[in-house]
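Visitor: Sharing a structure with you now.
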Amino acid sequence: GTHQQLTSAGKTCIAQIVKPGLVNAPVIVSADPDSGVVVAINAFEYAYGFLLPVEYQARTTLTVQAKDGRFRIVNTSIEAFFDKQGWRPIGTWSGSGGDAAKTVIDAISTSIAKCVMSGAGADDW
């Protein structure tokens, strides 16, 4: 579809799939169909630990970028909440838990992509 159609579908899919997280704040930060960009806060939980996995609350800035006939999903500002330190970047080195977080991020992005490709928000129902 056009970048406007893909942006609209991206906005609908984000609203259906992405959760607000620690605070009751809007998920979608901005949406500009003319430029083909939707920006959202993507909150999620992931478990990490060697012997006894611990649940961490995390977030990313999720952006759907659309051009006519194609789109991509980009996650930036990938952070986890640590009690005493607040929001901190999630490490990417071995043993940091980054792989566990990436698995969840990829699953959310894949769900959004499948939703967009299915034509979410189409008016022909």
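A note on labels: chains of the structure tokens are A, B, ... as shown, every chain counts residues from 1, and ligands are counted from 1 in their shown order.
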Show me, as a tab-separated table, the residues of segment 41-71 of chain A having an atom within 10 Å of segment 4-12 of chain A, each with the closest atom pair and its distance in Å, using only C-alpha atoms.
Guide:
```
residue	atom	partner	partner_atom	distance
A:Thr63	CA	A:Gly10	CA	9.4
A:Val64	CA	A:Gly10	CA	6.5
A:Gln65	CA	A:Thr7	CA	7.5
A:Ala66	CA	A:Leu6	CA	6.1
A:Lys67	CA	A:Leu6	CA	7.9
A:Asp68	CA	A:Leu6	CA	7.9
A:Gly69	CA	A:Leu6	CA	8.1
A:Arg70	CA	A:Leu6	CA	7.8
A:Phe71	CA	A:Leu6	CA	7.2
```
Visitor: Grab the residues selected above and save them as a short mmCIF file (atom, residue, chain, number, x, y, z; two decimals), in the first residue's frame with N, CA, C and O atoms.
Guide:
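part_19.cif written:
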```cif
data_model
loop_
_atom_site.label_atom_id
_atom_site.label_comp_id
_atom_site.auth_asym_id
_atom_site.auth_seq_id
_atom_site.Cartn_x
_atom_site.Cartn_y
_atom_site.Cartn_z
N THR A 63 9.78 2.64 16.35
CA THR A 63 9.41 3.50 15.23
C THR A 63 9.04 2.65 14.02
O THR A 63 9.79 1.75 13.64
N VAL A 64 7.87 2.92 13.47
CA VAL A 64 7.47 2.32 12.19
C VAL A 64 7.72 3.38 11.12
O VAL A 64 7.19 4.48 11.21
N GLN A 65 8.56 3.03 10.16
CA GLN A 65 8.88 3.94 9.06
C GLN A 65 8.33 3.32 7.78
O GLN A 65 8.67 2.18 7.45
N ALA A 66 7.49 4.07 7.07
CA ALA A 66 6.83 3.52 5.88
C ALA A 66 7.16 4.34 4.64
O ALA A 66 7.26 5.57 4.69
N LYS A 67 7.35 3.62 3.55
CA LYS A 67 7.44 4.19 2.21
C LYS A 67 6.44 3.42 1.36
O LYS A 67 5.99 2.35 1.76
N ASP A 68 6.09 3.94 0.23
CA ASP A 68 5.13 3.24 -0.62
C ASP A 68 5.60 1.82 -0.88
O ASP A 68 6.70 1.60 -1.40
N GLY A 69 4.79 0.84 -0.50
CA GLY A 69 5.07 -0.56 -0.76
C GLY A 69 5.99 -1.25 0.22
O GLY A 69 6.26 -2.44 0.09
N ARG A 70 6.49 -0.54 1.24
CA ARG A 70 7.37 -1.19 2.21
C ARG A 70 7.40 -0.41 3.52
O ARG A 70 7.03 0.75 3.58
N PHE A 71 7.83 -1.10 4.57
CA PHE A 71 7.96 -0.46 5.88
C PHE A 71 9.03 -1.20 6.67
O PHE A 71 9.44 -2.30 6.32
#
```
Visitor: Do a neighbour search on Asn75 of chain A at 9 Å with only C-alpha atoms, toss out local chain neighbours closer than 2 positions, and write the hits as a PyMOL selection string.
Guide: chain A and resi 42+60-63+73+77-78+105+109
Visitor: Using only C-alpha atoms, can you tell me which of A:Pro26, A:Pro33, A:Pro89, A:Gly21 comes closest to Gln57 of chain A?
Guide: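 With only C-alpha atoms as the atom set, the closest residue is A:Gly21.
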Visitor: Report as a PyMOL selection string all protein, DNA and RNA residues lying within 8 Å of Ala80 of chain A, evaluated on only C-alpha atoms, omitting residues in the same chain fewer than 3 positions from it.
Guide: chain A and resi 56-59+87-90
Visitor: What would the file look like if the residues just selected were written as a JSON list (two decimals), in the first residue's frame with all heavy atoms?
Guide:
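Output file result.json is given in full below:
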```json
[["chain", "number", "residue", "atom", "x", "y", "z"],
["A", 56, "TYR", "N", 12.54, -8.47, 34.53],
["A", 56, "TYR", "CA", 12.93, -7.08, 34.39],
["A", 56, "TYR", "C", 11.87, -6.36, 33.55],
["A", 56, "TYR", "O", 11.34, -6.92, 32.59],
["A", 56, "TYR", "CB", 14.28, -6.94, 33.67],
["A", 56, "TYR", "CG", 15.43, -7.45, 34.49],
["A", 56, "TYR", "CD1", 15.93, -8.73, 34.29],
["A", 56, "TYR", "CD2", 16.03, -6.65, 35.46],
["A", 56, "TYR", "CE1", 16.99, -9.21, 35.04],
["A", 56, "TYR", "CE2", 17.10, -7.12, 36.20],
["A", 56, "TYR", "CZ", 17.57, -8.40, 35.99],
["A", 56, "TYR", "OH", 18.62, -8.87, 36.73],
["A", 57, "GLN", "N", 11.59, -5.12, 33.92],
["A", 57, "GLN", "CA", 10.72, -4.28, 33.11],
["A", 57, "GLN", "C", 11.62, -3.45, 32.21],
["A", 57, "GLN", "O", 12.64, -2.92, 32.65],
["A", 57, "GLN", "CB", 9.87, -3.39, 33.99],
["A", 57, "GLN", "CG", 8.91, -4.20, 34.83],
["A", 57, "GLN", "CD", 8.00, -3.34, 35.67],
["A", 57, "GLN", "OE1", 8.08, -2.12, 35.67],
["A", 57, "GLN", "NE2", 7.11, -3.98, 36.40],
["A", 58, "ALA", "N", 11.24, -3.36, 30.95],
["A", 58, "ALA", "CA", 12.09, -2.68, 29.98],
["A", 58, "ALA", "C", 11.23, -1.89, 29.00],
["A", 58, "ALA", "O", 10.01, -2.01, 28.99],
["A", 58, "ALA", "CB", 12.94, -3.72, 29.23],
["A", 59, "ARG", "N", 11.92, -1.07, 28.19],
["A", 59, "ARG", "CA", 11.21, -0.26, 27.20],
["A", 59, "ARG", "C", 12.14, 0.05, 26.04],
["A", 59, "ARG", "O", 13.36, 0.02, 26.17],
["A", 59, "ARG", "CB", 10.68, 1.04, 27.81],
["A", 59, "ARG", "CG", 11.79, 1.98, 28.23],
["A", 59, "ARG", "CD", 11.25, 3.21, 28.91],
["A", 59, "ARG", "NE", 12.34, 4.09, 29.33],
["A", 59, "ARG", "CZ", 12.18, 5.13, 30.12],
["A", 59, "ARG", "NH1", 10.98, 5.42, 30.60],
["A", 59, "ARG", "NH2", 13.20, 5.88, 30.44],
["A", 87, "TRP", "N", 16.22, 3.84, 35.04],
["A", 87, "TRP", "CA", 16.31, 3.34, 33.66],
["A", 87, "TRP", "C", 17.76, 3.37, 33.20],
["A", 87, "TRP", "O", 18.42, 4.40, 33.27],
["A", 87, "TRP", "CB", 15.46, 4.18, 32.72],
["A", 87, "TRP", "CG", 14.00, 3.98, 32.94],
["A", 87, "TRP", "CD1", 13.14, 4.81, 33.58],
["A", 87, "TRP", "CD2", 13.22, 2.86, 32.54],
["A", 87, "TRP", "NE1", 11.88, 4.28, 33.60],
["A", 87, "TRP", "CE2", 11.89, 3.08, 32.96],
["A", 87, "TRP", "CE3", 13.51, 1.67, 31.86],
["A", 87, "TRP", "CZ2", 10.86, 2.18, 32.73],
["A", 87, "TRP", "CZ3", 12.47, 0.78, 31.63],
["A", 87, "TRP", "CH2", 11.18, 1.02, 32.05],
["A", 88, "ARG", "N", 18.25, 2.22, 32.74],
["A", 88, "ARG", "CA", 19.63, 2.08, 32.27],
["A", 88, "ARG", "C", 19.62, 1.28, 30.96],
["A", 88, "ARG", "O", 18.80, 0.39, 30.78],
["A", 88, "ARG", "CB", 20.49, 1.33, 33.29],
["A", 88, "ARG", "CG", 20.45, 1.90, 34.71],
["A", 88, "ARG", "CD", 21.25, 3.13, 34.87],
["A", 88, "ARG", "NE", 22.64, 2.77, 34.63],
["A", 88, "ARG", "CZ", 23.60, 3.64, 34.42],
["A", 88, "ARG", "NH1", 23.34, 4.91, 34.42],
["A", 88, "ARG", "NH2", 24.83, 3.26, 34.19],
["A", 89, "PRO", "N", 20.56, 1.57, 30.06],
["A", 89, "PRO", "CA", 20.65, 0.78, 28.82],
["A", 89, "PRO", "C", 20.88, -0.71, 29.12],
["A", 89, "PRO", "O", 21.57, -1.05, 30.08],
["A", 89, "PRO", "CB", 21.86, 1.37, 28.10],
["A", 89, "PRO", "CG", 22.04, 2.73, 28.68],
["A", 89, "PRO", "CD", 21.55, 2.64, 30.11],
["A", 90, "ILE", "N", 20.28, -1.55, 28.30],
["A", 90, "ILE", "CA", 20.48, -2.99, 28.44],
["A", 90, "ILE", "C", 21.78, -3.34, 27.72],
["A", 90, "ILE", "O", 21.97, -2.96, 26.56],
["A", 90, "ILE", "CB", 19.30, -3.78, 27.84],
["A", 90, "ILE", "CG1", 18.02, -3.46, 28.62],
["A", 90, "ILE", "CG2", 19.58, -5.28, 27.85],
["A", 90, "ILE", "CD1", 16.77, -4.07, 28.04]]
```
Visitor: List every residue of chain A that DSSP, applied to the backbone of this structure, places in alpha helix (DSSP H), and write the result as a PyMOL selection string.
Guide: chain A and resi 3-17+98-117
Visitor: If you run DSSP on this backbone, which residues of chain A come out as strand (DSSP E), and could you give them as number ranges by chain?
Guide: A: 28-32, 37-48, 54-67, 70-82, 86-89
Visitor: Which value, in Å to one decimal, gives the distance between atom CA of Pro20 of chain A and atom CA of Ala113 of chain A?
Guide: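 Rounded to one decimal, the two atoms are 18.9 Å apart.
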Visitor: Do you know which residues are at most 10 Å from Gly95 of chain A counting only C-alpha atoms, after dropping those on the same chain fewer than 3 positions away, and could you put them as a PyMOL selection string?
Guide: chain A and resi 48-50+91-92+98-100
Visitor: Could you write those residues out with all heavy atoms, as a PDB file, in the first residue's frame?
Guide:
```
ATOM      1  N   TYR A  48      15.746 -12.885  33.018  1.00  0.00           N
ATOM      2  CA  TYR A  48      17.145 -13.206  32.811  1.00  0.00           C
ATOM      3  C   TYR A  48      17.776 -13.579  34.146  1.00  0.00           C
ATOM      4  O   TYR A  48      17.487 -12.978  35.168  1.00  0.00           O
ATOM      5  CB  TYR A  48      17.894 -12.019  32.201  1.00  0.00           C
ATOM      6  CG  TYR A  48      19.370 -12.285  32.112  1.00  0.00           C
ATOM      7  CD1 TYR A  48      19.866 -13.156  31.166  1.00  0.00           C
ATOM      8  CD2 TYR A  48      20.248 -11.702  33.007  1.00  0.00           C
ATOM      9  CE1 TYR A  48      21.210 -13.437  31.107  1.00  0.00           C
ATOM     10  CE2 TYR A  48      21.594 -11.980  32.947  1.00  0.00           C
ATOM     11  CZ  TYR A  48      22.075 -12.849  31.995  1.00  0.00           C
ATOM     12  OH  TYR A  48      23.407 -13.137  31.944  1.00  0.00           O
ATOM     13  N   GLY A  49      18.646 -14.549  34.101  1.00  0.00           N
ATOM     14  CA  GLY A  49      19.399 -14.978  35.281  1.00  0.00           C
ATOM     15  C   GLY A  49      19.945 -16.361  35.054  1.00  0.00           C
ATOM     16  O   GLY A  49      19.356 -17.164  34.346  1.00  0.00           O
ATOM     17  N   PHE A  50      21.096 -16.638  35.629  1.00  0.00           N
ATOM     18  CA  PHE A  50      21.745 -17.935  35.411  1.00  0.00           C
ATOM     19  C   PHE A  50      20.998 -19.064  36.097  1.00  0.00           C
ATOM     20  O   PHE A  50      20.550 -19.993  35.450  1.00  0.00           O
ATOM     21  CB  PHE A  50      23.198 -17.889  35.889  1.00  0.00           C
ATOM     22  CG  PHE A  50      24.061 -16.995  35.045  1.00  0.00           C
ATOM     23  CD1 PHE A  50      24.592 -15.833  35.567  1.00  0.00           C
ATOM     24  CD2 PHE A  50      24.318 -17.308  33.721  1.00  0.00           C
ATOM     25  CE1 PHE A  50      25.380 -15.005  34.788  1.00  0.00           C
ATOM     26  CE2 PHE A  50      25.096 -16.490  32.934  1.00  0.00           C
ATOM     27  CZ  PHE A  50      25.630 -15.332  33.475  1.00  0.00           C
ATOM     28  N   GLY A  91      22.652  -4.058  28.393  1.00  0.00           N
ATOM     29  CA  GLY A  91      23.943  -4.422  27.818  1.00  0.00           C
ATOM     30  C   GLY A  91      23.827  -5.411  26.677  1.00  0.00           C
ATOM     31  O   GLY A  91      22.855  -6.169  26.571  1.00  0.00           O
ATOM     32  N   THR A  92      24.832  -5.403  25.821  1.00  0.00           N
ATOM     33  CA  THR A  92      24.856  -6.334  24.685  1.00  0.00           C
ATOM     34  C   THR A  92      25.980  -7.349  24.807  1.00  0.00           C
ATOM     35  O   THR A  92      26.139  -8.191  23.943  1.00  0.00           O
ATOM     36  CB  THR A  92      25.021  -5.560  23.361  1.00  0.00           C
ATOM     37  OG1 THR A  92      26.205  -4.762  23.437  1.00  0.00           O
ATOM     38  CG2 THR A  92      23.818  -4.667  23.097  1.00  0.00           C
ATOM     39  N   GLY A  98      21.078  -9.136  27.498  1.00  0.00           N
ATOM     40  CA  GLY A  98      20.655  -8.489  26.266  1.00  0.00           C
ATOM     41  C   GLY A  98      19.994  -9.430  25.283  1.00  0.00           C
ATOM     42  O   GLY A  98      19.053  -9.053  24.582  1.00  0.00           O
ATOM     43  N   ASP A  99      20.472 -10.673  25.227  1.00  0.00           N
ATOM     44  CA  ASP A  99      19.874 -11.652  24.315  1.00  0.00           C
ATOM     45  C   ASP A  99      18.426 -11.962  24.687  1.00  0.00           C
ATOM     46  O   ASP A  99      17.567 -12.096  23.818  1.00  0.00           O
ATOM     47  CB  ASP A  99      20.683 -12.949  24.292  1.00  0.00           C
ATOM     48  CG  ASP A  99      22.025 -12.788  23.607  1.00  0.00           C
ATOM     49  OD1 ASP A  99      22.198 -11.812  22.844  1.00  0.00           O
ATOM     50  OD2 ASP A  99      22.902 -13.637  23.841  1.00  0.00           O
ATOM     51  N   ALA A 100      18.149 -12.051  25.994  1.00  0.00           N
ATOM     52  CA  ALA A 100      16.782 -12.319  26.449  1.00  0.00           C
ATOM     53  C   ALA A 100      15.863 -11.154  26.090  1.00  0.00           C
ATOM     54  O   ALA A 100      14.735 -11.357  25.633  1.00  0.00           O
ATOM     55  CB  ALA A 100      16.767 -12.573  27.955  1.00  0.00           C
TER      56      ALA A 100
END
```
Visitor: Give the answer as one residue: which of A:Glu55, A:Val104, A:Lys114, A:Ile14 has the shortest atom-to-atom distance to Phe82 of chain A, using only C-alpha atoms?
Guide: A:Glu55
Visitor: Would you compute the distance between atom CA of Ile28 of chain A and atom CA of Val74 of chain A? Give it in Å to one decimal.
Guide: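 So the two atoms, atom CA of Ile28 of chain A and atom CA of Val74 of chain A, lie 14.3 Å apart.
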Visitor: What separation in Å, quoted to one decimal, exists between atom CA of Val27 of chain A and atom CA of Ala40 of chain A?
Guide: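 According to the coordinates, atom CA of Val27 of chain A and atom CA of Ala40 of chain A are separated by 5.4 Å.
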Visitor: Could you check which of A:Thr2, A:Glu79, A:Ser118, A:Val37 is closest to Gly97 of chain A, using only C-alpha atoms?
Guide: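 Closest to Gly97 of chain A, using only C-alpha atoms: A:Glu79.
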